[in-house]
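K.L.:
Sharing a structure with you now.
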Amino acid sequence: MDKEKLNSIRHSCAHLLAAAVMELWPDTKRTIGPAIGDGFYYDFDFGDQKISEEDFPKIEAKMAEILKTWAKFEKKEVSVEEAKQFYQDNPYKLELIDEFSKEGQKITFYKSGNYKQSLKPSQSSGFEDLCKGGHSENPQKDIGAFKLLSVAGAYWRGSEKNKMLTRIYGTCFPTQTELDEYLKLQEEAKKKDHRKLGKDLDLFVFSDVVGKGLPLLTEKGTTIRRELERMVVDEELKRGYLHVITPPLAKVDLYKISGHYPYYKDTMYPVMKVDDEELILRPMTCPHHFMLYKSKQRSYKELPIKYAEISPQFRYEKSGELTGLMRVRVFTLSDAHIFTRDTQAKQVIKDVLDLIDYFNKAFGLKKGKDYRYRLSLGERSDEKKYYKDDEAWEKAENILREVLVESKAPFFEAKNEAAFYGPKIDIQLKNVSGKEETAFTVQYDFVMPKRFDLKYIDEEGKEQQPVVIHRASIGALERTMAFLIEKYGGAFPVWLSPIQVMIVPISDQNLKYSQNVLEQLKDSNIRVQIDDKAETMQAKIRNAQLQKIPYMLIIGKREESENKVAVRTREGKDLGAIDLNEFIQKVKSEIESKSSL
RNA sequence: GCCGAAGUGGCUCAGUGGUAGAGCACGUUCUUGGUAAGAACGGGGUCACGGGUUCAAUUCCCGUCUUCGGCUCCA
């Protein structure tokens with residue numbers, strides 16, 4: 001079924017939900033109820049009434065009852081006055097009506113069913129709602145199966161300043177089979193949740209005493225993190241980046257000069273007073289790198305200068321925003337700031353996109369399928385949010401757009417998503433449940449160089465101002481780890497696996513030879529362990545399998561006498577007995593090439 | 001931060017107005033095995049924390065903390 005048809009069914013189902021709610025709680029004020037990616041929702045103002053998931057069976061039963069009377073939707077055009085009369089007690093609908101009429105839109109109602117509706121004050125028959133349309137022809141026939149999923153608070157019109165409404169989420173499908181299929185897929189996705197896998201595979205933990213949003217990486221999680229860091233540093237050094245280390249703490253003045261302070265005050269940790277200095281944990285690294293740049297006079301011959309850092313940063317995220325490793329309060333950015341002449345900027349940005357493509361490829365992510373580009377633009381009229389310089393914005397946005405077009409990157413444009421100092425290209429990654437998040441970013445900054453008075457000397461000996469490109473190659477390492485855990489479902493490619501090989505001696509008599517094998521693997525820098533517990537071989541294999549260790553080496557009398565190892569993969573394949581050196585070479589080359597199993 | 005839900009041994013969960021139970025994990029002993037769980041015995045919980053109701057609270061009520069689903073925000 002095409003998406004449009006499915007959406008129309010879901011939108012119809014949202015009406016059905018509203019109808020049921022109005023029947024059950026007649027004083028409720030309804031607002032809006034669109035179809036969304038996975039289903040639909042409807043926002044209500046229930047007044048003092050509390051609604052929870054315990055009410056779902058009751059609501060669903062009422063929906064089923066009402067649906068029997070819904071054979072079609074009738075469209076009716078009404079005057080503004082009529083509409084306002086109908087919704088006289090509902091400020092939300094009144095606001096919408098005013099808005100529509102101001103925009104010169106026609107006001108339409110859609111009605112379905114013929115039962116008596118307890119809708120004050122009209123007491124009309126059937127369920128009537130202000131709506132722009134987009135319904136199924138025959139809801140009775142089309143809504144084959146529906147289910148309410150969750151209840152949540154949501155601000156009216158998405159603004160924190162407005163009243164919080166009660167949102168009910170649901171989904172529906174033409175058939176029960178499709179609904180069951182959907183629910184099953186959701187369950188499957190849950191199994192890949194990085195928080196669950198992080199616990200199961202012992203990658204990271206949280207402690208109430210340490211604090212929320214502050215993950216503790218175990219030795220296994222740390223191994224993955226270290227491999228990622230090594231990969232980033234090695235590749236960036238190859239590409240001419242200069243890796244530096246700057247302090248995660250600095251005087252608050254630094255962020256006042258940069259202009260970050262007023263914008264990000266709410267998400268920065270409070271100032272610490274020490275002696276007569278005011279210090280702050282850094283929420284970003286940019287100004288630190290600027291000071292390095294400014295530490296000496298720069299010539300055009302040096303540009304572009306690419307300072308990179310594996311950089312811990314501190315942001316006070318609201319408690320409700322924290323999620324596993326995806327959103328934390330201390331994160332580590334694979335950060336860099338490139339100081340360039342504006343004429344070189346385009347090439348610099350292209351190089352950055354190429355680097356990001358390189359990493360994505362290493363992670364097995366496909367352009368267009370797993371990730372796409374978002375050109376995040378400013379909003380000229382919003383002078384509070386964005387630095388005012390229309391010409392510079394225009395120029396910067398065009399450069400970024402040209403880069404995307406010229407490199408034939410799949411991208412879309414989004415207004416009002418830029419940084420305050422310039423537009424950016426965000427690399428949007430899809431997670432297991434299909435949700436898109438910003439993973440990496442490239443930003444064009446024409447503001448900071450001014451604020452910090454950054455300069456270089458050109459061919460004619462004159463002072464010029466460079467442009468700064470901010471970029472994160474593999475983003476925040478915490479978030480990237482979360483993505484990768486979910487992408488691989490915990491079965492990491494060999495190079496990332498915390499334990500690459502598990503040695504399984506069949507009996508105690510094979511321990512000595514196993515120890516010998518262990519030493520040889522270790523000498524080759526392979527991460528290996530030996531399971532010397534007094535358990536059966538089957539139990540040891542099961543344990544290694546559950547830990548998703550890529551290779552198991554079964555060692556018994558036969559292997560010992562032939563100086564071999566019997567290799568089993570985590571997919572359950574028995575590769576048979578092979579020469580130990582041959583196995584070592586195989587694993588080493590897989591690690592070297594970062595190939596997936 | 002806001003709306004809703006949840007918190008019981010290391011993990012996954014059951015259960016109760018009369019101070020708790022399973023499986024896995026852990027420890028000891030026995031078993032020495034050929035590609036996903038060998039057996040017996042044992043240790044381990046202020047039932048998140050604080051207050052209230054009650055003769056009695058892990059259970060009921062209130063508050064706090066943490067986690068989860070959303071909203072807002074975001075790398």
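Residue names in the structure tokens use chain letters A, B, ... in the order shown, residue numbers from 1 in each chain, and ligand numbers from 1 in the order shown.
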Extract, using only C-alpha atoms (C1' of nucleotides), all DNA, RNA and protein residues at most 8 Å from G70 in chain B, discarding same-chain residues fewer than 4 positions from it, and format them as a list in words.

P.N.:
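Final neighbour list, sorted by chain and number: Val151, Ala152, Gly153 and Ala154 of chain A.
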
K.L.:
Take the residues from that selection and write them out as a tab-separated table (two decimals), in the first residue's frame, keeping N, CA and C atoms.

P.N.:
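See selection-v6.tsv below for the written result:
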chain	number	residue	atom	x	y	z
A	151	VAL	N	0.86	7.14	25.95
A	151	VAL	CA	0.35	8.45	26.27
A	151	VAL	C	1.55	9.31	26.67
A	152	ALA	N	1.53	10.56	26.25
A	152	ALA	CA	2.68	11.43	26.50
A	152	ALA	C	2.21	12.87	26.61
A	153	GLY	N	3.01	13.68	27.25
A	153	GLY	CA	2.73	15.12	27.28
A	153	GLY	C	3.29	15.75	26.03
A	154	ALA	N	2.64	16.73	25.50
A	154	ALA	CA	3.17	17.44	24.33
A	154	ALA	C	2.67	18.87	24.39

K.L.:
Could you pull the residues within 9 Å of G34 in chain B, counting only C-alpha atoms (C1' of nucleotides), minus those fewer than 4 positions along the same chain, as a PDB file with all heavy atoms, in the first residue's frame?

P.N.:
ATOM      1  N   ILE A 506      38.893 -28.328  25.801  1.00  0.00           N
ATOM      2  CA  ILE A 506      37.847 -29.318  26.047  1.00  0.00           C
ATOM      3  C   ILE A 506      37.961 -29.893  27.452  1.00  0.00           C
ATOM      4  O   ILE A 506      36.973 -30.086  28.145  1.00  0.00           O
ATOM      5  CB  ILE A 506      37.889 -30.431  24.972  1.00  0.00           C
ATOM      6  CG1 ILE A 506      37.467 -29.804  23.630  1.00  0.00           C
ATOM      7  CG2 ILE A 506      36.972 -31.583  25.346  1.00  0.00           C
ATOM      8  CD1 ILE A 506      37.448 -30.747  22.470  1.00  0.00           C
ATOM      9  N   MET A 537      32.444 -28.297  27.246  1.00  0.00           N
ATOM     10  CA  MET A 537      32.793 -27.516  26.077  1.00  0.00           C
ATOM     11  C   MET A 537      31.556 -26.821  25.507  1.00  0.00           C
ATOM     12  O   MET A 537      31.608 -25.666  25.098  1.00  0.00           O
ATOM     13  CB  MET A 537      33.398 -28.472  25.053  1.00  0.00           C
ATOM     14  CG  MET A 537      33.701 -27.860  23.738  1.00  0.00           C
ATOM     15  SD  MET A 537      33.694 -29.120  22.483  1.00  0.00           S
ATOM     16  CE  MET A 537      32.007 -29.663  22.564  1.00  0.00           C
ATOM     17  N   GLN A 538      30.420 -27.543  25.538  1.00  0.00           N
ATOM     18  CA  GLN A 538      29.186 -26.962  24.999  1.00  0.00           C
ATOM     19  C   GLN A 538      28.801 -25.691  25.754  1.00  0.00           C
ATOM     20  O   GLN A 538      28.390 -24.707  25.146  1.00  0.00           O
ATOM     21  CB  GLN A 538      28.033 -27.973  25.083  1.00  0.00           C
ATOM     22  CG  GLN A 538      28.110 -29.093  24.076  1.00  0.00           C
ATOM     23  CD  GLN A 538      28.926 -30.270  24.577  1.00  0.00           C
ATOM     24  OE1 GLN A 538      29.736 -30.129  25.494  1.00  0.00           O
ATOM     25  NE2 GLN A 538      28.722 -31.418  23.963  1.00  0.00           N
ATOM     26  N   ILE A 554      38.426 -24.283  19.581  1.00  0.00           N
ATOM     27  CA  ILE A 554      38.185 -25.479  20.373  1.00  0.00           C
ATOM     28  C   ILE A 554      39.481 -26.280  20.395  1.00  0.00           C
ATOM     29  O   ILE A 554      40.051 -26.585  19.348  1.00  0.00           O
ATOM     30  CB  ILE A 554      37.063 -26.339  19.749  1.00  0.00           C
ATOM     31  CG1 ILE A 554      35.922 -25.462  19.264  1.00  0.00           C
ATOM     32  CG2 ILE A 554      36.605 -27.397  20.739  1.00  0.00           C
ATOM     33  CD1 ILE A 554      35.169 -24.710  20.296  1.00  0.00           C
ATOM     34  N   GLY A 556      41.314 -29.700  21.839  1.00  0.00           N
ATOM     35  CA  GLY A 556      41.273 -30.999  22.491  1.00  0.00           C
ATOM     36  C   GLY A 556      42.506 -31.796  22.105  1.00  0.00           C
ATOM     37  O   GLY A 556      43.477 -31.238  21.590  1.00  0.00           O
TER      38      GLY A 556
END

K.L.:
Please determine the contact residues of chain B with respect to chain A at a cut-off of 8 Å, counting only C-alpha atoms (C1' of nucleotides), and supply them as a PyMOL selection string.

P.N.:
chain B and resi 1-4+32-38+66+69-73+75

K.L.:
What does the distance from CA of Ile584 in chain A to CA of Leu496 in chain A come to in Å, to one decimal?

P.N.:
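So the two atoms, CA of Ile584 in chain A and CA of Leu496 in chain A, lie 16.6 Å apart.
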
K.L.:
Name all residues at most 9 Å from range 46-52 of chain B (count only C-alpha atoms (C1' of nucleotides); drop same-chain ones fewer than 4 positions away) and give them as a list in words.

P.N.:
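In the requested format, the answer is G7, U8, A20, U58, C61, C62, G63, U64, C65 and U66 of chain B.
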
K.L.:
Can you write out the residues you just picked, keeping N, CA, C and O atoms (P, O5', C5', C4', C3', O3' and C1' of nucleotides), as a PDB file, in the first residue's frame?

P.N.:
ATOM      1  P     G B   7       7.508  -1.534  39.715  1.00  0.00           P
ATOM      2  O5'   G B   7       9.061  -1.156  39.737  1.00  0.00           O
ATOM      3  C5'   G B   7      10.035  -2.107  39.358  1.00  0.00           C
ATOM      4  C4'   G B   7      11.406  -1.505  39.589  1.00  0.00           C
ATOM      5  C3'   G B   7      11.945  -1.694  41.004  1.00  0.00           C
ATOM      6  O3'   G B   7      13.335  -1.985  40.942  1.00  0.00           O
ATOM      7  C1'   G B   7      11.881   0.603  40.472  1.00  0.00           C
ATOM      8  P     U B   8      13.820  -3.463  40.775  1.00  0.00           P
ATOM      9  O5'   U B   8      13.265  -4.202  42.076  1.00  0.00           O
ATOM     10  C5'   U B   8      13.671  -3.787  43.373  1.00  0.00           C
ATOM     11  C4'   U B   8      13.466  -4.909  44.339  1.00  0.00           C
ATOM     12  C3'   U B   8      14.218  -6.198  43.997  1.00  0.00           C
ATOM     13  O3'   U B   8      15.544  -6.153  44.471  1.00  0.00           O
ATOM     14  C1'   U B   8      11.973  -6.715  44.489  1.00  0.00           C
ATOM     15  P     A B  20      10.682 -12.258  55.331  1.00  0.00           P
ATOM     16  O5'   A B  20       9.812 -13.265  54.498  1.00  0.00           O
ATOM     17  C5'   A B  20      10.452 -14.208  53.678  1.00  0.00           C
ATOM     18  C4'   A B  20       9.895 -14.073  52.282  1.00  0.00           C
ATOM     19  C3'   A B  20      10.766 -14.783  51.280  1.00  0.00           C
ATOM     20  O3'   A B  20      10.190 -16.063  51.110  1.00  0.00           O
ATOM     21  C1'   A B  20      10.321 -12.576  50.559  1.00  0.00           C
ATOM     22  P     U B  58       8.499  -2.411  55.245  1.00  0.00           P
ATOM     23  O5'   U B  58       8.724  -2.663  53.706  1.00  0.00           O
ATOM     24  C5'   U B  58       9.332  -1.896  52.759  1.00  0.00           C
ATOM     25  C4'   U B  58       8.867  -2.419  51.437  1.00  0.00           C
ATOM     26  C3'   U B  58       7.372  -2.337  51.222  1.00  0.00           C
ATOM     27  O3'   U B  58       6.999  -1.076  50.721  1.00  0.00           O
ATOM     28  C1'   U B  58       8.174  -4.503  50.618  1.00  0.00           C
ATOM     29  P     C B  61      -1.487   3.772  46.801  1.00  0.00           P
ATOM     30  O5'   C B  61      -1.501   4.998  47.822  1.00  0.00           O
ATOM     31  C5'   C B  61      -2.691   5.745  48.071  1.00  0.00           C
ATOM     32  C4'   C B  61      -2.365   6.905  48.973  1.00  0.00           C
ATOM     33  C3'   C B  61      -1.241   7.809  48.481  1.00  0.00           C
ATOM     34  O3'   C B  61      -1.704   8.777  47.568  1.00  0.00           O
ATOM     35  C1'   C B  61      -0.866   7.259  50.754  1.00  0.00           C
ATOM     36  P     C B  62      -0.665   9.352  46.465  1.00  0.00           P
ATOM     37  O5'   C B  62       0.271  10.324  47.308  1.00  0.00           O
ATOM     38  C5'   C B  62      -0.239  11.536  47.851  1.00  0.00           C
ATOM     39  C4'   C B  62       0.843  12.234  48.636  1.00  0.00           C
ATOM     40  C3'   C B  62       2.157  12.471  47.896  1.00  0.00           C
ATOM     41  O3'   C B  62       2.113  13.609  47.059  1.00  0.00           O
ATOM     42  C1'   C B  62       2.631  11.587  50.028  1.00  0.00           C
ATOM     43  P     G B  63       3.076  13.674  45.753  1.00  0.00           P
ATOM     44  O5'   G B  63       4.519  13.932  46.376  1.00  0.00           O
ATOM     45  C5'   G B  63       4.818  15.175  47.007  1.00  0.00           C
ATOM     46  C4'   G B  63       6.169  15.080  47.687  1.00  0.00           C
ATOM     47  C3'   G B  63       7.353  14.758  46.778  1.00  0.00           C
ATOM     48  O3'   G B  63       7.833  15.902  46.101  1.00  0.00           O
ATOM     49  C1'   G B  63       7.465  13.416  48.708  1.00  0.00           C
ATOM     50  P     U B  64       8.639  15.714  44.690  1.00  0.00           P
ATOM     51  O5'   U B  64      10.008  15.033  45.128  1.00  0.00           O
ATOM     52  C5'   U B  64      10.985  15.771  45.851  1.00  0.00           C
ATOM     53  C4'   U B  64      12.166  14.898  46.177  1.00  0.00           C
ATOM     54  C3'   U B  64      12.856  14.249  44.981  1.00  0.00           C
ATOM     55  O3'   U B  64      13.775  15.126  44.369  1.00  0.00           O
ATOM     56  C1'   U B  64      12.492  12.609  46.638  1.00  0.00           C
ATOM     57  P     C B  65      14.106  14.943  42.815  1.00  0.00           P
ATOM     58  O5'   C B  65      14.984  13.616  42.769  1.00  0.00           O
ATOM     59  C5'   C B  65      16.275  13.568  43.373  1.00  0.00           C
ATOM     60  C4'   C B  65      16.813  12.165  43.317  1.00  0.00           C
ATOM     61  C3'   C B  65      16.862  11.540  41.931  1.00  0.00           C
ATOM     62  O3'   C B  65      18.018  11.931  41.221  1.00  0.00           O
ATOM     63  C1'   C B  65      15.893  10.007  43.420  1.00  0.00           C
ATOM     64  P     U B  66      17.983  12.060  39.638  1.00  0.00           P
ATOM     65  O5'   U B  66      17.928  10.550  39.139  1.00  0.00           O
ATOM     66  C5'   U B  66      19.056   9.705  39.304  1.00  0.00           C
ATOM     67  C4'   U B  66      18.678   8.283  38.974  1.00  0.00           C
ATOM     68  C3'   U B  66      18.091   8.059  37.581  1.00  0.00           C
ATOM     69  O3'   U B  66      19.103   7.950  36.596  1.00  0.00           O
ATOM     70  C1'   U B  66      16.736   6.968  39.159  1.00  0.00           C
TER      71        U B  66
END

K.L.:
Measuring between only C-alpha atoms (C1' of nucleotides), which one of B:A6, B:U53, B:A40, B:G45 shows the shortest distance to G21 in chain B?

P.N.:
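Result for the nearest residue to G21 in chain B: B:G45.
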
K.L.:
Could you tell me how far CA of Ala18 in chain A sits from CA of Leu185 in chain A, in Å to one decimal place?

P.N.:
27.1 Å

K.L.:
Between CA of Glu417 in chain A and CA of Glu394 in chain A, what is the distance, to one decimal in Å?

P.N.:
14.9 Å

K.L.:
Give me the residues within 7 Å of Phe314 in chain A as a PDB file with N, CA and C atoms, in the first residue's frame, counting only C-alpha atoms (C1' of nucleotides) and dropping any in the same chain fewer than 4 places off.

P.N.:
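Result went into around-v4.pdb, see below:
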ATOM      1  N   LEU A 281      33.615  24.499  32.791  1.00  0.00           N
ATOM      2  CA  LEU A 281      33.883  23.300  32.010  1.00  0.00           C
ATOM      3  C   LEU A 281      33.485  23.598  30.574  1.00  0.00           C
ATOM      4  N   ARG A 282      34.325  23.222  29.642  1.00  0.00           N
ATOM      5  CA  ARG A 282      34.050  23.676  28.276  1.00  0.00           C
ATOM      6  C   ARG A 282      32.874  22.932  27.643  1.00  0.00           C
ATOM      7  N   PRO A 283      31.993  23.684  27.034  1.00  0.00           N
ATOM      8  CA  PRO A 283      30.888  23.080  26.305  1.00  0.00           C
ATOM      9  C   PRO A 283      31.259  22.858  24.844  1.00  0.00           C
ATOM     10  N   ARG A 329      25.937  13.740  29.498  1.00  0.00           N
ATOM     11  CA  ARG A 329      26.286  15.079  29.984  1.00  0.00           C
ATOM     12  C   ARG A 329      27.772  15.405  29.854  1.00  0.00           C
ATOM     13  N   VAL A 330      28.580  14.370  29.634  1.00  0.00           N
ATOM     14  CA  VAL A 330      29.969  14.601  29.233  1.00  0.00           C
ATOM     15  C   VAL A 330      30.184  13.766  27.992  1.00  0.00           C
ATOM     16  N   PHE A 331      30.532  14.387  26.898  1.00  0.00           N
ATOM     17  CA  PHE A 331      30.751  13.602  25.699  1.00  0.00           C
ATOM     18  C   PHE A 331      32.063  13.998  25.045  1.00  0.00           C
TER      19      PHE A 331
END
